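What follows is the content of model_7.txt, which has compact mmCIF, C-alpha atoms:
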```txt
# COMPACT_ATOMS: atom_id res chain seq x y z
CA MET W 1 -17.99 -5.13 -14.08
CA GLU W 2 -20.05 -5.85 -11.00
CA HIS W 3 -18.84 -4.70 -7.62
CA ASN W 4 -18.05 -7.11 -4.76
CA THR W 5 -17.09 -9.86 -7.19
CA PHE W 6 -14.01 -11.96 -7.89
CA TYR W 7 -12.98 -12.47 -11.51
CA THR W 8 -10.71 -15.35 -12.53
CA GLY W 9 -8.29 -14.66 -15.33
CA ASP W 10 -5.36 -12.60 -16.57
CA SER W 11 -5.61 -9.30 -14.68
CA LEU W 12 -4.09 -7.30 -17.55
CA GLN W 13 -6.94 -8.38 -19.81
CA LEU W 14 -9.51 -7.87 -17.05
CA LEU W 15 -8.20 -4.35 -16.38
CA GLN W 16 -8.97 -3.47 -20.00
CA GLU W 17 -12.64 -4.29 -19.39
CA LEU W 18 -12.98 -1.59 -16.72
CA ASP W 19 -14.30 1.87 -17.62
CA ASP W 20 -12.04 4.91 -17.55
CA ASN W 21 -11.99 6.79 -14.22
CA SER W 22 -14.11 4.17 -12.47
CA ILE W 23 -11.96 3.07 -9.50
CA ASP W 24 -11.26 5.02 -6.31
CA LEU W 25 -8.34 2.93 -5.08
CA VAL W 26 -6.12 0.28 -6.60
CA ILE W 27 -4.11 -1.44 -3.89
CA THR W 28 -2.08 -4.54 -4.57
CA SER W 29 1.03 -6.59 -3.95
CA PRO W 30 1.95 -8.19 -7.28
CA PRO W 31 4.15 -11.28 -7.56
CA TYR W 32 7.72 -10.32 -6.77
CA ALA W 33 10.50 -11.10 -9.24
CA ASN W 34 10.90 -14.92 -9.24
CA LEU W 35 11.10 -14.82 -5.45
CA LYS W 36 7.78 -16.48 -4.64
CA THR W 37 6.03 -19.57 -5.92
CA TYR W 38 2.24 -19.36 -6.37
CA ILE W 39 0.99 -22.90 -7.08
CA ASP W 40 2.34 -23.32 -10.64
CA TYR W 41 3.64 -19.76 -11.11
CA GLU W 42 7.37 -19.12 -10.64
CA GLY W 43 7.31 -15.36 -11.13
CA ILE W 44 8.99 -12.98 -13.56
CA PRO W 45 12.81 -12.76 -13.77
CA ALA W 46 14.08 -9.52 -12.25
CA ASP W 47 15.63 -8.38 -15.55
CA ASP W 48 12.21 -8.70 -17.25
CA TYR W 49 10.03 -7.44 -14.40
CA VAL W 50 9.67 -3.79 -15.42
CA ASP W 51 8.67 -4.60 -19.01
CA TRP W 52 6.12 -7.06 -17.61
CA PHE W 53 4.55 -4.71 -15.06
CA ILE W 54 4.48 -1.34 -16.88
CA PRO W 55 1.41 -2.31 -19.01
CA TYR W 56 -0.50 -3.01 -15.79
CA CYS W 57 0.42 0.44 -14.48
CA GLN W 58 -0.74 2.07 -17.71
CA GLN W 59 -4.14 0.44 -17.30
CA ILE W 60 -4.28 1.39 -13.61
CA HIS W 61 -3.65 5.01 -14.54
CA ARG W 62 -6.57 4.82 -16.96
CA VAL W 63 -9.09 3.26 -14.57
CA ILE W 64 -8.49 5.26 -11.38
CA LYS W 65 -10.46 8.45 -10.90
CA PRO W 66 -8.77 11.88 -10.81
CA THR W 67 -9.42 11.71 -7.05
CA GLY W 68 -8.16 8.13 -6.82
CA SER W 69 -4.93 6.47 -5.67
CA PHE W 70 -2.73 3.51 -6.50
CA ILE W 71 -0.93 1.87 -3.57
CA LEU W 72 1.83 -0.53 -4.61
CA ASN W 73 3.48 -2.92 -2.14
CA ILE W 74 6.63 -4.40 -3.64
CA ASN W 75 10.10 -5.53 -2.67
CA ASP W 76 13.44 -6.10 -4.37
CA LYS W 77 15.61 -9.22 -4.21
CA VAL W 78 19.20 -10.34 -3.88
CA GLU W 79 20.84 -11.93 -6.91
CA ASN W 80 24.43 -13.19 -6.87
CA GLY W 81 25.05 -11.39 -3.59
CA PHE W 82 23.77 -7.96 -4.69
CA ARG W 83 20.38 -6.26 -4.54
CA HIS W 84 18.77 -6.08 -7.97
CA PRO W 85 17.57 -2.51 -8.77
CA TYR W 86 14.43 -3.49 -10.69
CA VAL W 87 12.15 -1.71 -8.21
CA PHE W 88 13.95 1.58 -8.80
CA ASP W 89 13.89 1.02 -12.56
CA LEU W 90 10.15 0.40 -12.29
CA ILE W 91 9.45 3.63 -10.39
CA SER W 92 11.49 5.68 -12.85
CA ARG W 93 9.80 4.23 -15.92
CA LEU W 94 6.38 4.35 -14.29
CA HIS W 95 6.74 8.13 -13.95
CA LYS W 96 7.89 8.53 -17.52
CA GLU W 97 5.46 6.17 -19.25
CA THR W 98 2.14 6.14 -17.37
CA GLY W 99 1.25 9.63 -16.16
CA LEU W 100 1.10 8.47 -12.54
CA LYS W 101 2.81 10.69 -9.97
CA MET W 102 4.35 9.50 -6.72
CA TYR W 103 2.69 11.29 -3.83
CA GLU W 104 4.70 9.39 -1.24
CA ARG W 105 7.10 6.53 -0.76
CA LEU W 106 6.71 4.67 2.49
CA PHE W 107 8.36 1.71 4.17
CA TRP W 108 6.41 -1.15 5.67
CA ASN W 109 8.16 -2.38 8.80
CA LYS W 110 6.97 -5.98 9.04
CA MET W 111 8.33 -6.15 12.61
CA LYS W 112 9.95 -9.53 11.97
CA GLY W 113 12.00 -11.43 9.44
CA LEU W 114 14.36 -14.34 8.98
CA PRO W 115 17.93 -13.71 10.19
CA ASN W 116 20.79 -13.85 7.70
CA ARG W 117 24.32 -14.10 9.03
CA TYR W 118 25.73 -12.62 5.82
CA ARG W 119 23.40 -9.61 5.40
CA PHE W 120 21.42 -7.02 7.34
CA GLY W 121 18.12 -8.32 8.68
CA ASP W 122 15.51 -7.39 6.06
CA ARG W 123 12.24 -6.40 7.73
CA VAL W 124 11.09 -3.62 5.40
CA GLU W 125 9.18 -3.57 2.11
CA TYR W 126 8.33 -0.63 -0.14
CA LEU W 127 4.94 1.07 -0.27
CA PHE W 128 4.51 3.57 -3.12
CA TRP W 129 1.47 5.88 -3.23
CA PHE W 130 0.70 7.07 -6.76
CA VAL W 131 -1.98 9.51 -7.95
CA LYS W 132 -2.99 11.26 -11.15
CA ASP W 133 -2.69 14.82 -9.87
CA LYS W 134 -2.95 17.06 -6.81
CA GLY W 135 -6.73 16.72 -6.52
CA PHE W 136 -6.63 13.18 -5.10
CA TYR W 137 -8.57 12.28 -1.94
CA LYS W 138 -6.74 11.59 1.29
CA ASN W 139 -7.70 11.63 4.96
CA ILE W 140 -4.54 11.85 7.05
CA ASP W 141 -6.55 11.88 10.28
CA GLU W 142 -7.60 8.29 9.55
CA MET W 143 -3.94 7.30 9.32
CA ARG W 144 -2.80 8.78 12.60
CA THR W 145 -0.90 6.51 14.96
CA GLU W 146 -0.51 6.15 18.68
CA TYR W 147 1.72 8.70 20.38
CA SER W 148 5.13 7.46 21.49
CA LYS W 149 5.76 6.68 25.15
CA LYS W 150 7.89 9.82 25.43
CA SER W 151 5.08 11.97 24.04
CA ILE W 152 2.58 10.42 26.44
CA GLN W 153 4.94 11.12 29.34
CA ARG W 154 5.27 14.77 28.31
CA MET W 155 1.50 15.10 28.11
CA LYS W 156 1.18 14.21 31.78
CA ASN W 157 2.63 17.64 32.56
CA PRO W 158 0.79 20.91 31.88
CA LEU W 159 1.20 21.86 28.24
CA LYS W 160 3.18 25.02 27.75
CA LYS W 161 2.74 27.58 25.02
CA ARG W 162 5.07 27.07 22.10
CA PHE W 163 7.08 29.82 20.41
CA ALA W 164 6.21 30.22 16.72
CA ARG W 165 6.21 32.74 13.86
CA THR W 166 2.97 33.54 12.10
CA GLU W 167 2.40 32.50 8.47
CA GLU W 168 1.50 36.09 7.58
CA ASN W 169 4.62 37.66 8.99
CA GLN W 170 7.80 35.66 9.42
CA GLU W 171 9.45 38.57 11.23
CA GLU W 172 6.78 38.78 13.94
CA ASN W 173 6.92 36.32 16.83
CA GLN W 174 3.99 35.24 18.95
CA TYR W 175 2.91 32.35 21.15
CA LYS W 176 0.23 29.81 20.39
CA GLU W 177 -1.41 26.95 22.25
CA TRP W 178 -0.80 23.31 21.23
CA SER W 179 -2.38 20.11 22.40
CA PRO W 180 -2.37 16.41 21.43
CA ASN W 181 -4.79 15.31 18.73
CA PRO W 182 -7.35 12.86 20.15
CA LYS W 183 -6.91 10.67 17.05
CA GLY W 184 -3.19 10.31 17.63
CA ALA W 185 0.09 11.47 16.15
CA LEU W 186 0.57 12.37 12.50
CA PRO W 187 1.75 9.37 10.44
CA THR W 188 5.34 8.96 9.31
CA THR W 189 6.82 7.24 6.28
CA LEU W 190 7.53 4.17 8.43
CA VAL W 191 4.40 2.00 8.65
CA ASN W 192 4.74 -0.36 11.61
CA ILE W 193 2.37 -3.28 11.06
CA SER W 194 3.28 -6.88 11.78
CA SER W 195 3.24 -9.26 8.82
CA GLU W 196 1.02 -12.33 8.83
CA SER W 197 2.26 -15.02 11.18
CA LYS W 198 0.62 -17.85 9.27
CA ARG W 199 -0.35 -18.69 5.71
CA ILE W 200 -3.97 -18.42 4.66
CA ALA W 201 -3.39 -21.23 2.17
CA ASP W 202 -0.74 -23.92 2.52
CA ASN W 203 1.04 -22.79 -0.62
CA HIS W 204 0.31 -19.05 -0.63
CA VAL W 205 3.53 -17.56 0.65
CA ALA W 206 2.90 -13.81 0.51
CA VAL W 207 -0.28 -12.84 2.33
CA TYR W 208 -0.04 -9.25 3.46
CA PRO W 209 -2.02 -8.38 6.60
CA SER W 210 -5.54 -7.00 6.52
CA GLU W 211 -4.45 -4.23 8.89
CA LEU W 212 -2.05 -2.88 6.26
CA VAL W 213 -4.78 -2.78 3.60
CA GLU W 214 -7.26 -1.22 6.03
CA TYR W 215 -4.73 1.50 6.84
CA PHE W 216 -4.64 2.72 3.24
CA ILE W 217 -8.33 2.15 2.52
CA LYS W 218 -9.23 4.41 5.45
CA GLY W 219 -6.72 7.02 4.40
CA SER W 220 -7.52 7.20 0.68
CA THR W 221 -11.23 6.35 0.26
CA LYS W 222 -14.67 7.08 1.66
CA GLU W 223 -17.48 4.65 2.47
CA GLY W 224 -19.09 3.34 -0.72
CA ASP W 225 -15.97 3.90 -2.84
CA VAL W 226 -14.62 1.15 -5.10
CA VAL W 227 -11.39 -0.68 -4.25
CA LEU W 228 -9.64 -2.88 -6.84
CA ASP W 229 -6.92 -5.46 -6.28
CA PRO W 230 -5.68 -6.86 -9.62
CA PHE W 231 -3.64 -9.54 -7.81
CA MET W 232 -6.21 -10.49 -5.18
CA GLY W 233 -4.69 -13.78 -4.05
CA THR W 234 -6.66 -15.18 -1.12
CA GLY W 235 -8.89 -12.11 -0.76
CA THR W 236 -7.29 -9.94 1.93
CA THR W 237 -8.13 -6.68 0.12
CA ALA W 238 -11.75 -7.74 -0.35
CA LEU W 239 -12.03 -8.59 3.34
CA ALA W 240 -10.64 -5.21 4.37
CA ALA W 241 -12.90 -3.32 1.96
CA LYS W 242 -16.02 -5.18 3.07
CA LYS W 243 -15.18 -4.59 6.73
CA LEU W 244 -14.85 -0.84 6.11
CA GLY W 245 -17.99 -0.41 4.00
CA ARG W 246 -16.29 -0.08 0.62
CA ASN W 247 -17.13 -1.88 -2.61
CA TRP W 248 -14.43 -4.07 -4.09
CA ILE W 249 -13.36 -5.93 -7.22
CA GLY W 250 -10.75 -8.68 -7.27
CA PHE W 251 -8.79 -10.25 -10.13
CA GLU W 252 -6.92 -13.51 -9.64
CA MET W 253 -5.48 -16.01 -12.11
CA GLN W 254 -5.50 -19.05 -9.80
CA GLN W 255 -8.97 -20.54 -9.30
CA ASP W 256 -7.86 -22.24 -6.08
CA TYR W 257 -7.16 -18.83 -4.55
CA VAL W 258 -10.46 -17.44 -5.82
CA ASP W 259 -12.25 -20.29 -4.07
CA ILE W 260 -10.42 -19.54 -0.81
CA ALA W 261 -11.09 -15.80 -1.13
CA THR W 262 -14.79 -16.36 -1.81
CA LYS W 263 -15.08 -18.48 1.30
CA ARG W 264 -13.20 -15.97 3.46
CA VAL W 265 -15.33 -13.02 2.35
CA GLY W 266 -18.53 -15.04 2.68
CA THR W 267 -17.84 -15.87 6.32
CA LEU W 268 -17.18 -12.23 7.29
CA ASN W 269 -20.23 -10.93 9.11
CA ILE W 270 -20.44 -7.17 9.59
```
Starting from the coordinates I provided, produce the structure as structure tokens.
Amino acid sequence: MEHNTFYTGDSLQLLQELDDNSIDLVITSPPYANLKTYIDYEGIPADDYVDWFIPYCQQIHRVIKPTGSFILNINDKVENGFRHPYVFDLISRLHKETGLKMYERLFWNKMKGLPNRYRFGDRVEYLFWFVKDKGFYKNIDEMRTEYSKKSIQRMKNPLKKRFARTEENQEENQYKEWSPNPKGALPTTLVNISSESKRIADNHVAVYPSELVEYFIKGSTKEGDVVLDPFMGTGTTALAAKKLGRNWIGFEMQQDYVDIATKRVGTLNI
């Protein structure tokens, strides 16, 4: 398949056309279990979701490189007053049936959400980072965040030496210098990025922000690498990849969304 191209069709079939070990990063937010409506698509019932999605994960395992990653943004849902556990079932079966390994599980704090007088305010979605093995590429420095206000306040005072044991000898104590990293603080498992405040398309109800995609592209790929989104929607992943100098491939079943995505990417000047 050609890079920097949208393909319209069933992404499971399109995944099968990709070569083994050809993709550096798969990042996507698939349709959630019958929670969203995408034009004429009502979604998969929660009880059937895992059986539906596992074949996609098997293909993703095949196409990513040994150095590659798979970033999955997903969320659960409430049915009959209780949270359905299909996300947890998915992660368990994914480990057992695909060969993918979970490097990290993170939580996307969307910073806002609709209030519900009967439940806790739900402002978090899951972000799972899967890889094939320990040799995957990551650049934590590119994922550093701003220091907290308390840390900044402490840095206004002279930095003192910190007491620490050496790696070579846990019984021996010595002092070492420490200083703030100019790129910021090390990232945590809570990713604080505001969700989109408006829809890209009138009837596209789940557009995740470009900043979120950029965050993982910078942390798991290098310039010139290939990024795939098998549920491209209105093209947010393609926009982020193009902005950061990566190649991209997008699969999308709805031609209306492909048209919108093509227009959005075409108007991005870098």
Exercise for review: Using all atoms listed in the file, determine which residues lie at most 7 Å from Val63 in chain W, disregarding the query and same-chain residues fewer than 5 positions distant; provide the list as a PyMOL selection string.
Suggested key: chain W and resi 18-23
Review point. Mind pulling up the distance from CA of Tyr7 in chain W to CA of Ile260 in chain W?
Key: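 CA of Tyr7 in chain W lies 13.1 Å from CA of Ile260 in chain W.
Across the structure, CA of Gly250 in chain W and CA of Gly235 in chain W are spaced 7.6 Å apart.
Checking W:Phe107, W:Phe120, W:Phe6, W:Phe70 one by one against Gln58 in chain W, counting only C-alpha atoms, you find the shortest gap at W:Phe70.
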Review point. Which one is closest to Asn192 in chain W: W:Leu114, W:Leu106, W:Met232, W:Ala261? Count all atoms listed in the file.
Key: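 Closest candidate: W:Leu106.
The interatomic distance for the pair CA of His61 in chain W and CA of Leu100 in chain W works out to 6.2 Å.
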